[in-house]
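Data block below; observations after.
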Amino acid sequence: MVCVLLLAEQLLTGLKDKDTVVRWSAAKGIGRMAGRLPRELADDVVGSVLDCFSFQETDKAWHGGCLALAELGRRGLLLPSRLSEVVTVILKALTYDEKRGACSVGANVRDAACYVCWAFARAYEPQELTPFVTAISSALVIAAIFDRNVNCRRAASAAFQENVGRQGTFPHGIDILTTADYFAVGNISNCFLVISVFIAGFQEYTKPMIDHLVSMKINHWDGAIRELSAKALHNLTPQVPEYMASHVFPALLLMTLSSDLHTRHGAILSCAEITYALYKLVSQSNRPVTDYLDEKAVQSLKQIHQQLYDRHLYRGLGGELMRQAVCILIKNLSLSRMPFKGDTVIDGWQWLIDDTLRSLHLVSSHSRQQIKEAAVSALAALCNEYYMKEAGETDVTIERELIPQYLAELQSPEEMTRCGFSSALGALPGFLLRGHLQQVLTGLRTVTRTSPKDVSFAEARRDGLKAISRVCQTVGVKAEGPPDEVMCRENISEVYTALLDCMNDYTTDSRGDVGAWVREAAMTSLMDLILLLARTEPQLIEAHICERVMCCVAQQASEKIDRFRAHAAQVFLTLLHFDSPPIPHVPHRRELESLFPRSDVASVNWNAPSQAFPLITQLLELPTYRYHVLLGLAVSVGGLTASTVRYSTQSLFEYMKRIQKDAQLLESFSGTLLKVFEDNLLNDRVSVSLLKMLDQLLSNGCFDIFTAEENHPFCVKLLTLCKEEIRKSKDVQKLRASIAVLCGMVQFNGDVRQKVLLQLFILLGHPFPVIRKATASQLYEMVLTYSDLVDAGMLDEVMSVLSDTAWDAELPVVRGQRNHLCDLLGVPRPQLATKPAPGS
């Protein structure tokens, strides 16, 4: 007997061990041992296991205790007389969540508690569990849809399913299982916002679910859970609006004064969501929201901002959460048409929105966008509800102060401030913009321009473009309307110019190609503007503008960044296939519809280079698009990403094969290629990649047809451009790319070959050893490839000089060997440039 007691003590201690495997083994051991003990002693073991569920114990003890109870229950060793005690602690375990620093522990406890409930279904007759069905079913449903951990949600769903199948006493079990099955509960947003609404339709679960959200979830340490909980309360409000207004709302209002940051944040969000949900209910019968909310609740809502301000709770890291929550509150109270028009609280709200937008640079980067969007949404709702008089007139004071103040902030030296107020101007309603449209557009266009002092302000330019588009959508279009009130013939060209100029923003900094954000916003804004014009005033879409838009978007669709290339392709196809009515003046519309049929392009993954480039390179066949597509392809073919380089190069070569027998088309292509080079001379972003692309084209014989003619203009012009590009350059990457191109140009006949060789020998004597070595290596391969360059009798000596010379030796030695090679090949020796005498 003493041995049994010692063993039992050892196993009970093991339930609290720090290692899960020890706790699990101890639980199994207790189950086996209890099955061999007399009834009274086994019940004592159960009592000892229940001691693990003290709030003085750690999560390890709770986890071990749940595992032990599950093992005892599975073996039928939990007597029905103990069920009341066991169920009480298991219901607590199903919601066990202890905060530890910036996170919490308890997921293993909740998972083990679900295992206990699963074991109950197998251990007891339905009549023995009947008194506890309501509590267990509600707890399992809550765990299945509201637990943060996906494993716990799935464990609860499995336990619920086991009880429904074996017990058959859970209310509406089959209906709930059909919706909240193992796979459906995998998505947490779906659980909180969709499945919860369905289950709340069964009154047995409605109030327990709401009470759980209020007591356990709106104060959760994870901000995403708090936000989802508030939205879930919004969705659940129509089920029991009176309960929400009379019981839940007063409790939440008290929590808004809590000293705990998370509780305060969740409570404010929940108040905002429930208020708006109640408003939507009463608005269906044209009643005010005050039919549900009494005067005390209305006054409490109104005081939230001032109370936070007086307690300095808008400062610091906690202030970020408070600003976001109160902005959402302002938005929802405005949408709910709370009776605050003319009240001083509106001035307080306006101050908070403006101060938040002005202080965005002080906000942590991970929450900056979210706070900005909340403030801008709040501003739009506030203006619509409280700044318009009954007769549709604007509050004159606001009209005089708000827009000038916001325009002045666009000149701020802080990028985030510009972002915030650009977005704010874009969110203003039409009645405030009327009469100030030209000022607003001018201010926003200024933000989108790149100047030396704010070249890195890509996010400000992006938000300025979005704001311009939103303003255009807000005020509408009227061809002959007043330019200070609507988009019209007089001001549309300025908007086009601003948007199209931003399509050439290739700013880079430590974050990479930040100009891509601007180009993406420009593409989206152009698409939205053209679709708006096509629906209302298509005569404002001029042919040259439409052509430029389509060409610029086609260029973006052939560039190297997958996400932006895919976005450009979608914009291009949207403009092409828009048919209500069709966009006028689209260049080569018939050919484009043949190349990109509506039925096929929907299935294309434009993010995948293997699918995108074969389609995009088809645009090279259309003269209008060729220049811009080539410009985009140059960056892709000469890029660094292996998949992009591979598929863009393959697609380009396939096109070149098709045109090899068409001399006229090949001439046109080569002329466009040289034009791209000429226009982008010394623009390293394009020129280096273009040189790499030219090397590929030359080495693969794409211009063989030109080699039959001496001094073909293509080669002559290409040599001139190469010399200009590398003149005085110290960029090793560019110089190496140019060496490869020059070696490829040796295949052309005439005097140009001698000039190419002279340029190569100049590089062979370059001050940089790495360039000399690269040139010698490329020359060696070139001589092997084009053996007609050298007389057979001199070939061995030429190859020997190229291979045996230490090209990284001292310059005088190297240049002597270089000059010897010049003599062997009959090329004039390069002459050192003499510096002009001082004062000459």
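Scheme for the structure tokens: letters A, B, ... for chains in order shown; per-chain residue numbers from 1; ligand numbers from 1 in order shown.
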Contacts of segment 438-451 of chain A at 7 Å or less, counting only C-alpha atoms, minus same-chain residues fewer than 4 places along, as a PDB file with all heavy atoms, in the first residue's frame?
ATOM      1  N   LEU A 407      -3.757  72.227 -47.178  1.00  0.00           N
ATOM      2  CA  LEU A 407      -2.829  72.508 -48.283  1.00  0.00           C
ATOM      3  C   LEU A 407      -1.474  72.978 -47.757  1.00  0.00           C
ATOM      4  O   LEU A 407      -0.432  72.638 -48.321  1.00  0.00           O
ATOM      5  CB  LEU A 407      -3.434  73.570 -49.210  1.00  0.00           C
ATOM      6  CG  LEU A 407      -4.622  73.108 -50.067  1.00  0.00           C
ATOM      7  CD1 LEU A 407      -5.254  74.294 -50.785  1.00  0.00           C
ATOM      8  CD2 LEU A 407      -4.195  72.054 -51.073  1.00  0.00           C
ATOM      9  N   LEU A 410       0.800  70.177 -46.769  1.00  0.00           N
ATOM     10  CA  LEU A 410       1.427  69.428 -47.860  1.00  0.00           C
ATOM     11  C   LEU A 410       2.868  69.865 -48.109  1.00  0.00           C
ATOM     12  O   LEU A 410       3.623  69.167 -48.794  1.00  0.00           O
ATOM     13  CB  LEU A 410       0.619  69.585 -49.159  1.00  0.00           C
ATOM     14  CG  LEU A 410      -0.802  69.031 -49.160  1.00  0.00           C
ATOM     15  CD1 LEU A 410      -1.440  69.217 -50.525  1.00  0.00           C
ATOM     16  CD2 LEU A 410      -0.818  67.548 -48.777  1.00  0.00           C
ATOM     17  N   SER A 422      -2.415  64.519 -47.672  1.00  0.00           N
ATOM     18  CA  SER A 422      -2.811  64.194 -49.050  1.00  0.00           C
ATOM     19  C   SER A 422      -4.028  63.275 -49.024  1.00  0.00           C
ATOM     20  O   SER A 422      -5.023  63.507 -49.724  1.00  0.00           O
ATOM     21  CB  SER A 422      -1.657  63.503 -49.788  1.00  0.00           C
ATOM     22  OG  SER A 422      -0.572  64.374 -49.962  1.00  0.00           O
ATOM     23  N   VAL A 455      13.427  63.803 -52.867  1.00  0.00           N
ATOM     24  CA  VAL A 455      13.439  62.736 -53.862  1.00  0.00           C
ATOM     25  C   VAL A 455      13.054  61.389 -53.263  1.00  0.00           C
ATOM     26  O   VAL A 455      12.491  60.532 -53.938  1.00  0.00           O
ATOM     27  CB  VAL A 455      14.833  62.659 -54.539  1.00  0.00           C
ATOM     28  CG1 VAL A 455      15.888  62.204 -53.541  1.00  0.00           C
ATOM     29  CG2 VAL A 455      14.808  61.745 -55.744  1.00  0.00           C
ATOM     30  N   ALA A 460       4.812  59.758 -50.085  1.00  0.00           N
ATOM     31  CA  ALA A 460       4.013  60.982 -50.215  1.00  0.00           C
ATOM     32  C   ALA A 460       3.509  61.119 -51.655  1.00  0.00           C
ATOM     33  O   ALA A 460       2.347  61.488 -51.885  1.00  0.00           O
ATOM     34  CB  ALA A 460       4.837  62.198 -49.815  1.00  0.00           C
ATOM     35  N   ARG A 461       4.375  60.830 -52.628  1.00  0.00           N
ATOM     36  CA  ARG A 461       3.949  60.907 -54.025  1.00  0.00           C
ATOM     37  C   ARG A 461       2.855  59.880 -54.313  1.00  0.00           C
ATOM     38  O   ARG A 461       1.884  60.167 -55.020  1.00  0.00           O
ATOM     39  CB  ARG A 461       5.150  60.704 -54.951  1.00  0.00           C
ATOM     40  CG  ARG A 461       6.186  61.804 -54.834  1.00  0.00           C
ATOM     41  CD  ARG A 461       7.157  61.797 -55.994  1.00  0.00           C
ATOM     42  NE  ARG A 461       8.067  60.670 -55.972  1.00  0.00           N
ATOM     43  CZ  ARG A 461       9.185  60.616 -55.267  1.00  0.00           C
ATOM     44  NH1 ARG A 461       9.532  61.634 -54.487  1.00  0.00           N
ATOM     45  NH2 ARG A 461       9.989  59.563 -55.321  1.00  0.00           N
ATOM     46  N   GLY A 464      -0.319  61.139 -52.787  1.00  0.00           N
ATOM     47  CA  GLY A 464      -0.806  62.281 -53.563  1.00  0.00           C
ATOM     48  C   GLY A 464      -1.535  61.832 -54.821  1.00  0.00           C
ATOM     49  O   GLY A 464      -2.582  62.384 -55.187  1.00  0.00           O
ATOM     50  N   LEU A 465      -0.997  60.828 -55.497  1.00  0.00           N
ATOM     51  CA  LEU A 465      -1.654  60.298 -56.700  1.00  0.00           C
ATOM     52  C   LEU A 465      -3.003  59.673 -56.367  1.00  0.00           C
ATOM     53  O   LEU A 465      -3.995  59.879 -57.081  1.00  0.00           O
ATOM     54  CB  LEU A 465      -0.748  59.256 -57.362  1.00  0.00           C
ATOM     55  CG  LEU A 465       0.529  59.787 -58.018  1.00  0.00           C
ATOM     56  CD1 LEU A 465       1.457  58.644 -58.373  1.00  0.00           C
ATOM     57  CD2 LEU A 465       0.187  60.593 -59.272  1.00  0.00           C
ATOM     58  N   ILE A 468      -5.473  62.465 -55.783  1.00  0.00           N
ATOM     59  CA  ILE A 468      -5.938  63.092 -57.027  1.00  0.00           C
ATOM     60  C   ILE A 468      -7.041  62.242 -57.655  1.00  0.00           C
ATOM     61  O   ILE A 468      -8.091  62.759 -58.082  1.00  0.00           O
ATOM     62  CB  ILE A 468      -4.758  63.270 -58.006  1.00  0.00           C
ATOM     63  CG1 ILE A 468      -3.823  64.371 -57.499  1.00  0.00           C
ATOM     64  CG2 ILE A 468      -5.265  63.611 -59.406  1.00  0.00           C
ATOM     65  CD1 ILE A 468      -2.557  64.531 -58.332  1.00  0.00           C
ATOM     66  N   PRO A 483     -14.037  74.922 -63.846  1.00  0.00           N
ATOM     67  CA  PRO A 483     -12.849  74.162 -63.434  1.00  0.00           C
ATOM     68  C   PRO A 483     -12.604  74.152 -61.933  1.00  0.00           C
ATOM     69  O   PRO A 483     -11.809  73.357 -61.452  1.00  0.00           O
ATOM     70  CB  PRO A 483     -11.708  74.869 -64.159  1.00  0.00           C
ATOM     71  CG  PRO A 483     -12.213  76.240 -64.450  1.00  0.00           C
ATOM     72  CD  PRO A 483     -13.684  76.106 -64.657  1.00  0.00           C
ATOM     73  N   ASP A 484     -13.271  75.012 -61.180  1.00  0.00           N
ATOM     74  CA  ASP A 484     -13.069  75.034 -59.740  1.00  0.00           C
ATOM     75  C   ASP A 484     -14.074  74.166 -59.005  1.00  0.00           C
ATOM     76  O   ASP A 484     -14.077  74.114 -57.780  1.00  0.00           O
ATOM     77  CB  ASP A 484     -13.157  76.477 -59.209  1.00  0.00           C
ATOM     78  CG  ASP A 484     -12.146  76.737 -58.100  1.00  0.00           C
ATOM     79  OD1 ASP A 484     -11.165  75.974 -58.015  1.00  0.00           O
ATOM     80  OD2 ASP A 484     -12.360  77.672 -57.322  1.00  0.00           O
ATOM     81  N   ALA A 498       0.260  65.087 -64.516  1.00  0.00           N
ATOM     82  CA  ALA A 498       0.777  64.675 -63.203  1.00  0.00           C
ATOM     83  C   ALA A 498       0.843  63.156 -63.097  1.00  0.00           C
ATOM     84  O   ALA A 498       1.851  62.592 -62.628  1.00  0.00           O
ATOM     85  CB  ALA A 498      -0.105  65.247 -62.094  1.00  0.00           C
TER      86      ALA A 498
END
- request: Extract, using only C-alpha atoms, all DNA, RNA and protein residues at most 10 Å from Asp579 of chain A, discarding same-chain residues fewer than 5 positions from it, and format them as number ranges by chain.
  value: A: 531, 534-535, 574
message: as a list in words, please: the residues near segment 9-22 of chain A (cut-off 9 Å, only C-alpha atoms, same-chain neighbours under 4 positions excluded).
response: Val4, Leu5, Ala26, Ala27, Gly29, Ile30, Val45, Ser48, Val49, Cys52, Glu57, Thr58, Asp59, Lys60, Ala61, Trp62, His63, Gly64, Gly65, Leu67 and Ala68 of chain A
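Counting only C-alpha atoms, the residue from A:Lys217, A:Lys734, A:Arg626, A:Lys692 that sits nearest to Gly266 of chain A is A:Lys217.
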- prompt: Counting only C-alpha atoms, what is within 8 Å of Gly765 of chain A, bar same-chain residues fewer than 3 positions away, as a ChimeraX atom specification?
  reply: /A:761-762,772,811,814-815,818
Filtering to N, CA, C and O atoms, could you give me those residues as a PDB file, in the first residue's frame?
ATOM      1  N   PHE A 761      40.962  47.470 -77.822  1.00  0.00           N
ATOM      2  CA  PHE A 761      42.351  47.599 -77.402  1.00  0.00           C
ATOM      3  C   PHE A 761      42.544  48.779 -76.447  1.00  0.00           C
ATOM      4  O   PHE A 761      43.451  48.758 -75.599  1.00  0.00           O
ATOM      5  N   ILE A 762      41.717  49.782 -76.581  1.00  0.00           N
ATOM      6  CA  ILE A 762      41.750  50.877 -75.590  1.00  0.00           C
ATOM      7  C   ILE A 762      41.385  50.323 -74.213  1.00  0.00           C
ATOM      8  O   ILE A 762      42.026  50.634 -73.205  1.00  0.00           O
ATOM      9  N   ARG A 772      41.026  45.164 -67.711  1.00  0.00           N
ATOM     10  CA  ARG A 772      42.015  44.639 -68.654  1.00  0.00           C
ATOM     11  C   ARG A 772      41.907  43.121 -68.754  1.00  0.00           C
ATOM     12  O   ARG A 772      41.935  42.550 -69.848  1.00  0.00           O
ATOM     13  N   LEU A 811      50.919  49.158 -65.796  1.00  0.00           N
ATOM     14  CA  LEU A 811      50.337  49.666 -67.041  1.00  0.00           C
ATOM     15  C   LEU A 811      51.353  49.762 -68.188  1.00  0.00           C
ATOM     16  O   LEU A 811      51.039  49.355 -69.316  1.00  0.00           O
ATOM     17  N   VAL A 814      51.800  46.320 -69.638  1.00  0.00           N
ATOM     18  CA  VAL A 814      50.560  45.852 -70.269  1.00  0.00           C
ATOM     19  C   VAL A 814      50.346  46.562 -71.600  1.00  0.00           C
ATOM     20  O   VAL A 814      49.991  45.935 -72.617  1.00  0.00           O
ATOM     21  N   ARG A 815      50.554  47.875 -71.605  1.00  0.00           N
ATOM     22  CA  ARG A 815      50.300  48.623 -72.838  1.00  0.00           C
ATOM     23  C   ARG A 815      51.306  48.253 -73.943  1.00  0.00           C
ATOM     24  O   ARG A 815      50.996  48.294 -75.131  1.00  0.00           O
ATOM     25  N   ARG A 818      49.839  45.212 -75.354  1.00  0.00           N
ATOM     26  CA  ARG A 818      48.644  45.632 -76.114  1.00  0.00           C
ATOM     27  C   ARG A 818      49.044  46.180 -77.477  1.00  0.00           C
ATOM     28  O   ARG A 818      48.447  45.842 -78.506  1.00  0.00           O
TER      29      ARG A 818
END
6 Å contact set for segment 707-718 of chain A, only C-alpha atoms, chain neighbours under 2 positions out, as a VMD selection string: chain A and resid 704 to 705 720 to 721 748 to 750 752
message: Could you tell me how far atom CA of Phe703 of chain A sits from atom CA of Tyr627 of chain A, in Å to one decimal place?
response: 18.1 Å
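Residues in contact range of Tyr625 of chain A, defined as at most 10 Å between only C-alpha atoms, with sequence neighbours fewer than 4 positions away removed, read Glu547, Arg548, Met550, Cys551, Cys552, Val553, Ala554, Gln555, Pro587, His588, Gln618, Leu619, Leu620, Glu621, Val629 and Leu630 of chain A.
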- request: May I have all residues of segment 281-517 of chain A that DSSP, computed from the backbone, assigns to helix (DSSP H, G or I), given as a PyMOL selection string?
  value: chain A and resi 281-283+289-291+295-310+316-335+344-358+360-362+365-386+396-409+415-427+430-433+437-448+452-454+458-475+492-504+515-517
Spatial neighbours of Leu432 of chain A, max dist 9 Å, only C-alpha atoms, sep filter under 2 positions, as a short mmCIF file (atom, residue, chain, number, x, y, z; two decimals) with all heavy atoms, in the first residue's frame:
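What landed in result.cif:
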data_model
loop_
_atom_site.label_atom_id
_atom_site.label_comp_id
_atom_site.auth_asym_id
_atom_site.auth_seq_id
_atom_site.Cartn_x
_atom_site.Cartn_y
_atom_site.Cartn_z
N CYS A 383 -17.00 65.03 -41.75
CA CYS A 383 -17.38 66.13 -42.65
C CYS A 383 -18.77 65.91 -43.23
O CYS A 383 -19.59 66.85 -43.28
CB CYS A 383 -16.36 66.24 -43.79
SG CYS A 383 -14.73 66.80 -43.26
N TYR A 387 -20.57 68.85 -41.02
CA TYR A 387 -20.15 70.11 -41.62
C TYR A 387 -21.07 70.59 -42.74
O TYR A 387 -20.79 71.58 -43.39
CB TYR A 387 -18.72 70.00 -42.16
CG TYR A 387 -17.68 69.90 -41.06
CD1 TYR A 387 -16.42 69.40 -41.33
CD2 TYR A 387 -17.97 70.30 -39.76
CE1 TYR A 387 -15.46 69.30 -40.32
CE2 TYR A 387 -17.04 70.20 -38.75
CZ TYR A 387 -15.79 69.70 -39.03
OH TYR A 387 -14.85 69.60 -38.03
N MET A 388 -22.16 69.89 -42.96
CA MET A 388 -23.12 70.34 -43.96
C MET A 388 -24.38 70.80 -43.24
O MET A 388 -24.92 70.09 -42.39
CB MET A 388 -23.47 69.24 -44.96
CG MET A 388 -24.45 69.70 -46.04
SD MET A 388 -24.98 68.36 -47.12
CE MET A 388 -23.57 68.23 -48.17
N THR A 394 -22.51 74.46 -46.95
CA THR A 394 -21.34 74.12 -46.14
C THR A 394 -21.19 75.11 -44.99
O THR A 394 -21.52 76.29 -45.12
CB THR A 394 -20.07 74.18 -47.02
OG1 THR A 394 -20.32 73.46 -48.21
CG2 THR A 394 -18.89 73.57 -46.30
N ASP A 395 -20.68 74.62 -43.88
CA ASP A 395 -20.31 75.50 -42.77
C ASP A 395 -19.17 76.40 -43.26
O ASP A 395 -18.07 75.95 -43.57
CB ASP A 395 -19.85 74.65 -41.59
CG ASP A 395 -19.60 75.49 -40.34
OD1 ASP A 395 -19.06 76.59 -40.48
OD2 ASP A 395 -19.93 75.02 -39.25
N ILE A 398 -15.66 76.32 -41.49
CA ILE A 398 -14.89 75.12 -41.81
C ILE A 398 -14.33 75.22 -43.22
O ILE A 398 -13.17 74.89 -43.49
CB ILE A 398 -15.77 73.86 -41.66
CG1 ILE A 398 -16.08 73.60 -40.20
CG2 ILE A 398 -15.11 72.65 -42.30
CD1 ILE A 398 -14.85 73.33 -39.35
N GLU A 399 -15.13 75.68 -44.15
CA GLU A 399 -14.71 75.78 -45.55
C GLU A 399 -13.52 76.72 -45.69
O GLU A 399 -12.59 76.46 -46.47
CB GLU A 399 -15.88 76.27 -46.39
CG GLU A 399 -15.61 76.26 -47.88
CD GLU A 399 -16.83 76.67 -48.69
OE1 GLU A 399 -17.92 76.79 -48.10
OE2 GLU A 399 -16.68 76.87 -49.89
N LEU A 402 -10.37 74.76 -43.22
CA LEU A 402 -9.92 73.38 -43.34
C LEU A 402 -9.00 73.18 -44.55
O LEU A 402 -7.86 72.71 -44.40
CB LEU A 402 -11.13 72.44 -43.45
CG LEU A 402 -10.85 70.97 -43.17
CD1 LEU A 402 -10.43 70.77 -41.72
CD2 LEU A 402 -12.07 70.12 -43.47
N ILE A 403 -9.46 73.53 -45.74
CA ILE A 403 -8.68 73.26 -46.95
C ILE A 403 -7.36 74.04 -46.98
O ILE A 403 -6.30 73.47 -47.26
CB ILE A 403 -9.53 73.49 -48.21
CG1 ILE A 403 -10.60 72.41 -48.28
CG2 ILE A 403 -8.68 73.49 -49.46
CD1 ILE A 403 -11.53 72.48 -49.47
N LEU A 428 -12.07 64.29 -48.61
CA LEU A 428 -13.06 65.34 -48.37
C LEU A 428 -14.28 65.16 -49.27
O LEU A 428 -14.15 64.79 -50.44
CB LEU A 428 -12.44 66.71 -48.60
CG LEU A 428 -11.36 67.16 -47.60
CD1 LEU A 428 -10.82 68.53 -47.99
CD2 LEU A 428 -11.90 67.18 -46.18
N PRO A 429 -15.46 65.44 -48.75
CA PRO A 429 -16.68 65.31 -49.58
C PRO A 429 -16.76 66.43 -50.62
O PRO A 429 -16.08 67.46 -50.52
CB PRO A 429 -17.80 65.43 -48.55
CG PRO A 429 -17.21 66.16 -47.40
CD PRO A 429 -15.76 65.80 -47.37
N GLY A 430 -17.62 66.22 -51.61
CA GLY A 430 -17.72 67.15 -52.73
C GLY A 430 -18.13 68.56 -52.33
O GLY A 430 -17.63 69.53 -52.91
N ARG A 434 -15.96 71.85 -53.56
CA ARG A 434 -16.57 72.77 -54.53
C ARG A 434 -16.10 74.20 -54.28
O ARG A 434 -16.21 74.73 -53.18
CB ARG A 434 -18.09 72.68 -54.43
CG ARG A 434 -18.82 73.17 -55.66
CD ARG A 434 -20.31 72.84 -55.57
NE ARG A 434 -20.53 71.41 -55.54
CZ ARG A 434 -21.13 70.76 -54.53
NH1 ARG A 434 -21.54 71.43 -53.47
NH2 ARG A 434 -21.30 69.45 -54.58
N GLY A 435 -15.54 74.79 -55.29
CA GLY A 435 -15.00 76.14 -55.17
C GLY A 435 -13.52 76.17 -54.84
O GLY A 435 -12.88 77.23 -54.90
N HIS A 436 -12.97 75.02 -54.46
CA HIS A 436 -11.54 74.95 -54.10
C HIS A 436 -10.81 73.88 -54.91
O HIS A 436 -9.68 73.53 -54.58
CB HIS A 436 -11.39 74.63 -52.61
CG HIS A 436 -12.07 75.61 -51.70
ND1 HIS A 436 -11.51 76.82 -51.34
CD2 HIS A 436 -13.29 75.57 -51.10
CE1 HIS A 436 -12.34 77.47 -50.55
NE2 HIS A 436 -13.43 76.74 -50.38
#
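In this model, the gap between atom CA of Met782 of chain A and atom CA of Val756 of chain A comes to 12.2 Å.
Atom CA of Val514 of chain A is found 25.6 Å from atom CA of Thr649 of chain A.
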